[in-house]
Amino acid sequence: MVQLHRFTAAVPLIASLALVGCASDGGGVQSQKMAAIKARGSLICGVDGKLPGFSFVSPDGSYSGLDVDICKATAAAVLSDPAKVTYRDLSATERFAALSSGEVDLLSRNTTMTLSRDAPGGNALAFAPTTFFDGQAVMVPATSGIRSLKDVAGKPICVETGTASELNLADRMRELNATYTPLKFQSGDQTYAAYLQGRCVAVTTDRSQLAAKRTGFPKPSEHILLPDVLSKEPLNPATVNADPAWADAVRWVVYSLIQAEEMGITAANIDAKVAEAKANKNLAQLRRFFGVEGDLGKQLGLPADFVVRTVKAVGNYGEVFERNVGTGSPLKLERGVNQQWRQGGLMYSPPFL
Amino acid sequence: MTSRSEVTPWWRNRRYLPWLVQGAVALVIGVVVAFLLTNLLLNLTARGLLLSWSWLGQPAGFDLAETILPFDASLPYWRAMLAGLVNTLRVVIAGLVGATVLGTLIGTASFSSNGLLRRLARVYVEVIRNIPLLLQLIFWYFVVFLALPNGRDALQLPGLVLAKSGLFLGSPELVDGVWQAPLRFTVEFGALLTGLVVYTAAFIAEVVRGGIASVPKGQWEAATSLGFPPLLTLRRIVLPQALRVIVPGLNSQYISLAKNSSLAVACGFTDLYSVSETTLNQTGRAIEVMLILLGSYLVIDLVISALMNGLNGLVQLRER
């Protein structure tokens, strides 16, 4: 009887050992989520969809933007094809429920990383590195005479409900000991419509988002951004805590774009760089980065050359920034703190070792 | 016969059969509900999301645009949600009164001897009830109310100012470009109330019309032959009889109005739903907030239903 018990206890153990054996045969660690994405043949990416420069649907139904490029780079790394992405437009309120319920694989929707969103006792998200360092700002009509946040006191201000902006605004106005009237709307479109109609003297959200929305105003030059910075808003892609292997894969996909820029690798010169790395055995760092030697990709459960795929798909971080939100784009945002660390910015990738 | 009924097997016995069927149905429902609940709890536990209510006592940290209950950002979440609930009740009660008055007027107008009035009532009902309420709310708010003039250009009457920021009563004065007054209704409240009243009145008008039509024509003719003028006939003879048909129909319209008030967020009004959404965002307690929301609307609707059932008992024919 005792022996039988031991035997029955051993069965699942042996079975699990066998499974582990299979997994290591398959090469590297496999996350459940990644296996599901490969089986499905498409990455489901949660985006905003209405924010020029970050994620925006063009009239022909295709998506573009900085957030969208992260989706494409991830799809390129996992599925070898940046086009294999199914986009899901999510509102600020829906986004976390959609991610934790598994409805989307990756949330790339100008989401601010905060402690309570990261913590297991909060939203339990796993954040990838910051793709855009933003800060909350306030936009007012140029003719309003308002030149600082203090002047907004006692007046109505429009804000989108379900965002960190809502809380930051409340905190800052309490610091200033000023009363204000927050008019809350469920969608960004309604928020800006009420502002343009003159119901509010100001509208507040992330600086990048205000700049993006302003491009769609009838007269963009009649609206100014106040110098006040209400908050730090590091915008990060996110996955869930429950699948650390998938979170790691996304994290290093983002780092690959930042590291590529630091090494001067662009979508245009990557083929030449790869050829160079293959030819010259002494370029150890470059060879590891491209997966010509070592097993960095495999350790993440990604193809060995995942870096080549991500950079080919969207270019390096600098190219992604310039194309979508940089001075050449309609948003005309300066690199600022989003510059590489060597240029005094905050974009810094840990070593690919 | 008695001897035969004694041998009837229990599964064909009419005394037990209904109980058995009821019991089986109850069992199936019980099992399904238990499965759903355990499934929910298991999944929540797996994600570390066990229900907790301690957050209700933490400071909310956000301001509300308009409240009757005094509120500021340092008060706890439950006070914020209560303030939202009071705002919801305010718009629901005002909406019920407004929609009933307007609906009754339009419903009776469709029996008017004036052809123009009769046709206008029909056009109103057909146009309003065939356009989604959400669109109507957005129309009222963005197109009508936000088109009001602002600041110094506002419509000013003695003791009354109508501006883009709202209706100000008492002795309104312009302080630093913003109107201030002891009594004020915001345009958000105005737009929501107008939308709900106009929309629900169309349905109530149909209920009233049906009720009046259910009163036999002979009643009108009898009253006329006794020398009653038309309005008095309507008030004293027809409406009391029509109420028996109208009240049950009104009940469901009233409940719809209460539920529809949650569309407030489309026009920026801080109702229970809007406050709940902010709370949900800041605390991450989606299930708890949703339970509070569901419970609140359920209670509001059950109370309306109970009141209307009481009223229904009063207007029914009392047979002796």
# chains A, B, ... in the order shown; residues from 1 in each chain; ligands from 1
>>> residues_around(residues="Ala193 of chain A", least_positions_apart="5", cutoff="10 Å", atoms="only C-alpha atoms", output="PyMOL selection string")
(chain A and resi 158+188+198-200+217) or (chain B and resi 142+146)
>>> residues_around(residues="segment 313-318 of chain A", least_positions_apart="3", cutoff="8 Å", atoms="only C-alpha atoms", output="PyMOL selection string")
chain A and resi 69+72-73+76+81-82+256-261+265-268+309-310+321-322
>>> interface_residues(of="chain B", to="chain A", cutoff="8 Å", atoms="only C-alpha atoms", output="PyMOL selection string")
chain B and resi 47-49+61-66+73+142+146-147+164-165+178+265-270+274+277-278+280-284
>>> write_last_selection(atoms="N, CA and C atoms", output="PDB file, in the first residue's frame")
ATOM      1  N   ARG B  47      -5.003  34.974 -10.090  1.00  0.00           N
ATOM      2  CA  ARG B  47      -4.414  36.235 -10.519  1.00  0.00           C
ATOM      3  C   ARG B  47      -4.152  37.168  -9.341  1.00  0.00           C
ATOM      4  N   GLY B  48      -4.361  36.672  -8.135  1.00  0.00           N
ATOM      5  CA  GLY B  48      -4.113  37.493  -6.950  1.00  0.00           C
ATOM      6  C   GLY B  48      -5.094  38.642  -6.813  1.00  0.00           C
ATOM      7  N   LEU B  49      -6.321  38.402  -7.229  1.00  0.00           N
ATOM      8  CA  LEU B  49      -7.296  39.504  -7.232  1.00  0.00           C
ATOM      9  C   LEU B  49      -8.472  39.207  -6.305  1.00  0.00           C
ATOM     10  N   GLY B  61      -8.607  61.438  -3.669  1.00  0.00           N
ATOM     11  CA  GLY B  61      -7.529  62.127  -4.387  1.00  0.00           C
ATOM     12  C   GLY B  61      -7.967  62.797  -5.669  1.00  0.00           C
ATOM     13  N   PHE B  62      -9.251  62.765  -6.006  1.00  0.00           N
ATOM     14  CA  PHE B  62      -9.701  63.485  -7.195  1.00  0.00           C
ATOM     15  C   PHE B  62     -10.880  64.379  -6.837  1.00  0.00           C
ATOM     16  N   ASP B  63     -11.081  65.405  -7.627  1.00  0.00           N
ATOM     17  CA  ASP B  63     -12.187  66.323  -7.385  1.00  0.00           C
ATOM     18  C   ASP B  63     -13.368  65.961  -8.268  1.00  0.00           C
ATOM     19  N   LEU B  64     -14.548  66.407  -7.875  1.00  0.00           N
ATOM     20  CA  LEU B  64     -15.745  66.202  -8.684  1.00  0.00           C
ATOM     21  C   LEU B  64     -16.243  67.563  -9.142  1.00  0.00           C
ATOM     22  N   ALA B  65     -16.739  67.603 -10.380  1.00  0.00           N
ATOM     23  CA  ALA B  65     -17.119  68.894 -10.961  1.00  0.00           C
ATOM     24  C   ALA B  65     -18.317  69.495 -10.249  1.00  0.00           C
ATOM     25  N   GLU B  66     -19.327  68.683  -9.948  1.00  0.00           N
ATOM     26  CA  GLU B  66     -20.490  69.232  -9.271  1.00  0.00           C
ATOM     27  C   GLU B  66     -21.082  68.188  -8.341  1.00  0.00           C
ATOM     28  N   ALA B  73     -11.020  66.398  -2.487  1.00  0.00           N
ATOM     29  CA  ALA B  73     -10.146  65.273  -2.833  1.00  0.00           C
ATOM     30  C   ALA B  73      -9.642  64.490  -1.624  1.00  0.00           C
ATOM     31  N   PHE B 142     -23.134  68.823 -27.163  1.00  0.00           N
ATOM     32  CA  PHE B 142     -22.119  69.485 -27.988  1.00  0.00           C
ATOM     33  C   PHE B 142     -22.720  70.500 -28.956  1.00  0.00           C
ATOM     34  N   LEU B 146     -23.432  73.549 -25.614  1.00  0.00           N
ATOM     35  CA  LEU B 146     -22.106  74.168 -25.708  1.00  0.00           C
ATOM     36  C   LEU B 146     -22.074  75.308 -26.721  1.00  0.00           C
ATOM     37  N   ALA B 147     -23.183  75.525 -27.423  1.00  0.00           N
ATOM     38  CA  ALA B 147     -23.235  76.661 -28.341  1.00  0.00           C
ATOM     39  C   ALA B 147     -23.680  77.926 -27.614  1.00  0.00           C
ATOM     40  N   LYS B 164     -22.369  79.310 -21.070  1.00  0.00           N
ATOM     41  CA  LYS B 164     -21.844  78.027 -21.524  1.00  0.00           C
ATOM     42  C   LYS B 164     -21.554  77.106 -20.348  1.00  0.00           C
ATOM     43  N   SER B 165     -21.299  77.710 -19.168  1.00  0.00           N
ATOM     44  CA  SER B 165     -20.973  76.861 -18.022  1.00  0.00           C
ATOM     45  C   SER B 165     -22.213  76.443 -17.240  1.00  0.00           C
ATOM     46  N   VAL B 178     -15.569  83.987 -14.769  1.00  0.00           N
ATOM     47  CA  VAL B 178     -16.369  82.810 -14.456  1.00  0.00           C
ATOM     48  C   VAL B 178     -17.587  83.254 -13.663  1.00  0.00           C
ATOM     49  N   VAL B 265     -21.811  59.988 -18.859  1.00  0.00           N
ATOM     50  CA  VAL B 265     -20.399  60.219 -19.138  1.00  0.00           C
ATOM     51  C   VAL B 265     -20.201  60.752 -20.568  1.00  0.00           C
ATOM     52  N   ALA B 266     -21.206  60.523 -21.441  1.00  0.00           N
ATOM     53  CA  ALA B 266     -21.113  61.042 -22.810  1.00  0.00           C
ATOM     54  C   ALA B 266     -21.167  62.561 -22.826  1.00  0.00           C
ATOM     55  N   CYS B 267     -21.813  63.162 -21.825  1.00  0.00           N
ATOM     56  CA  CYS B 267     -21.853  64.615 -21.800  1.00  0.00           C
ATOM     57  C   CYS B 267     -21.211  65.171 -20.538  1.00  0.00           C
ATOM     58  N   GLY B 268     -20.258  64.424 -19.963  1.00  0.00           N
ATOM     59  CA  GLY B 268     -19.401  64.981 -18.927  1.00  0.00           C
ATOM     60  C   GLY B 268     -20.039  65.186 -17.576  1.00  0.00           C
ATOM     61  N   PHE B 269     -21.225  64.612 -17.336  1.00  0.00           N
ATOM     62  CA  PHE B 269     -21.870  64.791 -16.035  1.00  0.00           C
ATOM     63  C   PHE B 269     -21.291  63.779 -15.042  1.00  0.00           C
ATOM     64  N   THR B 270     -21.000  64.224 -13.820  1.00  0.00           N
ATOM     65  CA  THR B 270     -20.402  63.331 -12.825  1.00  0.00           C
ATOM     66  C   THR B 270     -21.474  62.518 -12.126  1.00  0.00           C
ATOM     67  N   SER B 274     -19.680  57.665 -13.828  1.00  0.00           N
ATOM     68  CA  SER B 274     -18.465  58.435 -14.086  1.00  0.00           C
ATOM     69  C   SER B 274     -17.509  58.356 -12.897  1.00  0.00           C
ATOM     70  N   GLU B 277     -15.920  54.963 -12.659  1.00  0.00           N
ATOM     71  CA  GLU B 277     -14.871  54.716 -13.636  1.00  0.00           C
ATOM     72  C   GLU B 277     -13.544  55.306 -13.163  1.00  0.00           C
ATOM     73  N   THR B 278     -13.592  56.515 -12.606  1.00  0.00           N
ATOM     74  CA  THR B 278     -12.381  57.117 -12.046  1.00  0.00           C
ATOM     75  C   THR B 278     -11.854  56.259 -10.906  1.00  0.00           C
ATOM     76  N   LEU B 280     -12.322  53.085 -10.402  1.00  0.00           N
ATOM     77  CA  LEU B 280     -11.793  51.835 -10.956  1.00  0.00           C
ATOM     78  C   LEU B 280     -10.372  52.051 -11.478  1.00  0.00           C
ATOM     79  N   ASN B 281     -10.182  53.141 -12.181  1.00  0.00           N
ATOM     80  CA  ASN B 281      -8.868  53.437 -12.756  1.00  0.00           C
ATOM     81  C   ASN B 281      -7.815  53.609 -11.684  1.00  0.00           C
ATOM     82  N   GLN B 282      -8.187  54.274 -10.590  1.00  0.00           N
ATOM     83  CA  GLN B 282      -7.177  54.595  -9.589  1.00  0.00           C
ATOM     84  C   GLN B 282      -6.916  53.455  -8.628  1.00  0.00           C
ATOM     85  N   THR B 283      -7.919  52.601  -8.382  1.00  0.00           N
ATOM     86  CA  THR B 283      -7.713  51.530  -7.416  1.00  0.00           C
ATOM     87  C   THR B 283      -7.429  50.200  -8.099  1.00  0.00           C
ATOM     88  N   GLY B 284      -7.843  50.048  -9.361  1.00  0.00           N
ATOM     89  CA  GLY B 284      -7.674  48.777 -10.053  1.00  0.00           C
ATOM     90  C   GLY B 284      -8.640  47.708  -9.569  1.00  0.00           C
TER      91      GLY B 284
END
>>> residues_around(residues="Asp248 of chain A", least_positions_apart="2", cutoff="10 Å", atoms="only C-alpha atoms", output="list in words")
Ser31, Ala126, Phe127, Ala128, Thr239, Asp243, Pro244, Ala245, Trp246, Val250, Arg251, Trp252, Val253, Gln299, Leu300 and Gly301 of chain A
>>> residues_around(residues="Leu155 of chain B", least_positions_apart="2", cutoff="12 Å", atoms="only C-alpha atoms", output="list in words")
Leu148, Pro149, Asn150, Gly151, Arg152, Asp153, Leu157, Pro158, Gly159, Leu160, Val161, Leu162, Ala163, Lys164, Ser165, Gly166, Leu167, Phe168, Pro172 and Trp179 of chain B
>>> write_last_selection(atoms="N, CA and C atoms", output="PDB file, in the first residue's frame")
ATOM      1  N   LEU B 148     -24.006  77.803 -26.339  1.00  0.00           N
ATOM      2  CA  LEU B 148     -24.407  78.985 -25.563  1.00  0.00           C
ATOM      3  C   LEU B 148     -23.234  79.959 -25.465  1.00  0.00           C
ATOM      4  N   PRO B 149     -23.531  81.254 -25.385  1.00  0.00           N
ATOM      5  CA  PRO B 149     -22.431  82.224 -25.271  1.00  0.00           C
ATOM      6  C   PRO B 149     -21.752  82.118 -23.911  1.00  0.00           C
ATOM      7  N   ASN B 150     -20.516  82.620 -23.859  1.00  0.00           N
ATOM      8  CA  ASN B 150     -19.698  82.460 -22.673  1.00  0.00           C
ATOM      9  C   ASN B 150     -19.433  83.813 -22.000  1.00  0.00           C
ATOM     10  N   GLY B 151     -19.062  83.778 -20.725  1.00  0.00           N
ATOM     11  CA  GLY B 151     -18.592  84.954 -20.004  1.00  0.00           C
ATOM     12  C   GLY B 151     -19.530  86.144 -20.088  1.00  0.00           C
ATOM     13  N   ARG B 152     -19.023  87.288 -20.574  1.00  0.00           N
ATOM     14  CA  ARG B 152     -19.787  88.530 -20.564  1.00  0.00           C
ATOM     15  C   ARG B 152     -20.934  88.501 -21.582  1.00  0.00           C
ATOM     16  N   ASP B 153     -20.796  87.656 -22.619  1.00  0.00           N
ATOM     17  CA  ASP B 153     -21.827  87.607 -23.656  1.00  0.00           C
ATOM     18  C   ASP B 153     -23.024  86.746 -23.264  1.00  0.00           C
ATOM     19  N   LEU B 157     -30.670  87.876 -17.522  1.00  0.00           N
ATOM     20  CA  LEU B 157     -31.959  88.415 -17.101  1.00  0.00           C
ATOM     21  C   LEU B 157     -31.813  88.747 -15.620  1.00  0.00           C
ATOM     22  N   PRO B 158     -32.692  89.573 -15.080  1.00  0.00           N
ATOM     23  CA  PRO B 158     -32.550  89.859 -13.652  1.00  0.00           C
ATOM     24  C   PRO B 158     -32.604  88.570 -12.832  1.00  0.00           C
ATOM     25  N   GLY B 159     -31.565  88.302 -12.044  1.00  0.00           N
ATOM     26  CA  GLY B 159     -31.531  87.125 -11.178  1.00  0.00           C
ATOM     27  C   GLY B 159     -31.284  85.814 -11.905  1.00  0.00           C
ATOM     28  N   LEU B 160     -30.921  85.900 -13.182  1.00  0.00           N
ATOM     29  CA  LEU B 160     -30.752  84.658 -13.951  1.00  0.00           C
ATOM     30  C   LEU B 160     -29.723  84.863 -15.049  1.00  0.00           C
ATOM     31  N   VAL B 161     -28.786  83.937 -15.162  1.00  0.00           N
ATOM     32  CA  VAL B 161     -27.804  83.999 -16.240  1.00  0.00           C
ATOM     33  C   VAL B 161     -27.693  82.623 -16.861  1.00  0.00           C
ATOM     34  N   LEU B 162     -27.761  82.583 -18.197  1.00  0.00           N
ATOM     35  CA  LEU B 162     -27.581  81.325 -18.906  1.00  0.00           C
ATOM     36  C   LEU B 162     -26.303  81.440 -19.727  1.00  0.00           C
ATOM     37  N   ALA B 163     -25.271  80.689 -19.318  1.00  0.00           N
ATOM     38  CA  ALA B 163     -23.969  80.766 -19.987  1.00  0.00           C
ATOM     39  C   ALA B 163     -23.532  79.378 -20.418  1.00  0.00           C
ATOM     40  N   LYS B 164     -22.369  79.310 -21.070  1.00  0.00           N
ATOM     41  CA  LYS B 164     -21.844  78.027 -21.524  1.00  0.00           C
ATOM     42  C   LYS B 164     -21.554  77.106 -20.348  1.00  0.00           C
ATOM     43  N   SER B 165     -21.299  77.710 -19.168  1.00  0.00           N
ATOM     44  CA  SER B 165     -20.973  76.861 -18.022  1.00  0.00           C
ATOM     45  C   SER B 165     -22.213  76.443 -17.240  1.00  0.00           C
ATOM     46  N   GLY B 166     -23.364  77.023 -17.531  1.00  0.00           N
ATOM     47  CA  GLY B 166     -24.559  76.560 -16.854  1.00  0.00           C
ATOM     48  C   GLY B 166     -25.602  77.629 -16.643  1.00  0.00           C
ATOM     49  N   LEU B 167     -26.640  77.244 -15.890  1.00  0.00           N
ATOM     50  CA  LEU B 167     -27.723  78.168 -15.559  1.00  0.00           C
ATOM     51  C   LEU B 167     -27.492  78.651 -14.130  1.00  0.00           C
ATOM     52  N   PHE B 168     -27.394  79.982 -13.962  1.00  0.00           N
ATOM     53  CA  PHE B 168     -27.102  80.535 -12.641  1.00  0.00           C
ATOM     54  C   PHE B 168     -28.317  81.303 -12.141  1.00  0.00           C
ATOM     55  N   PRO B 172     -26.388  86.218  -9.894  1.00  0.00           N
ATOM     56  CA  PRO B 172     -25.122  85.809 -10.504  1.00  0.00           C
ATOM     57  C   PRO B 172     -24.188  86.989 -10.727  1.00  0.00           C
ATOM     58  N   TRP B 179     -18.781  82.765 -14.086  1.00  0.00           N
ATOM     59  CA  TRP B 179     -20.003  83.137 -13.395  1.00  0.00           C
ATOM     60  C   TRP B 179     -20.106  82.417 -12.067  1.00  0.00           C
TER      61      TRP B 179
END
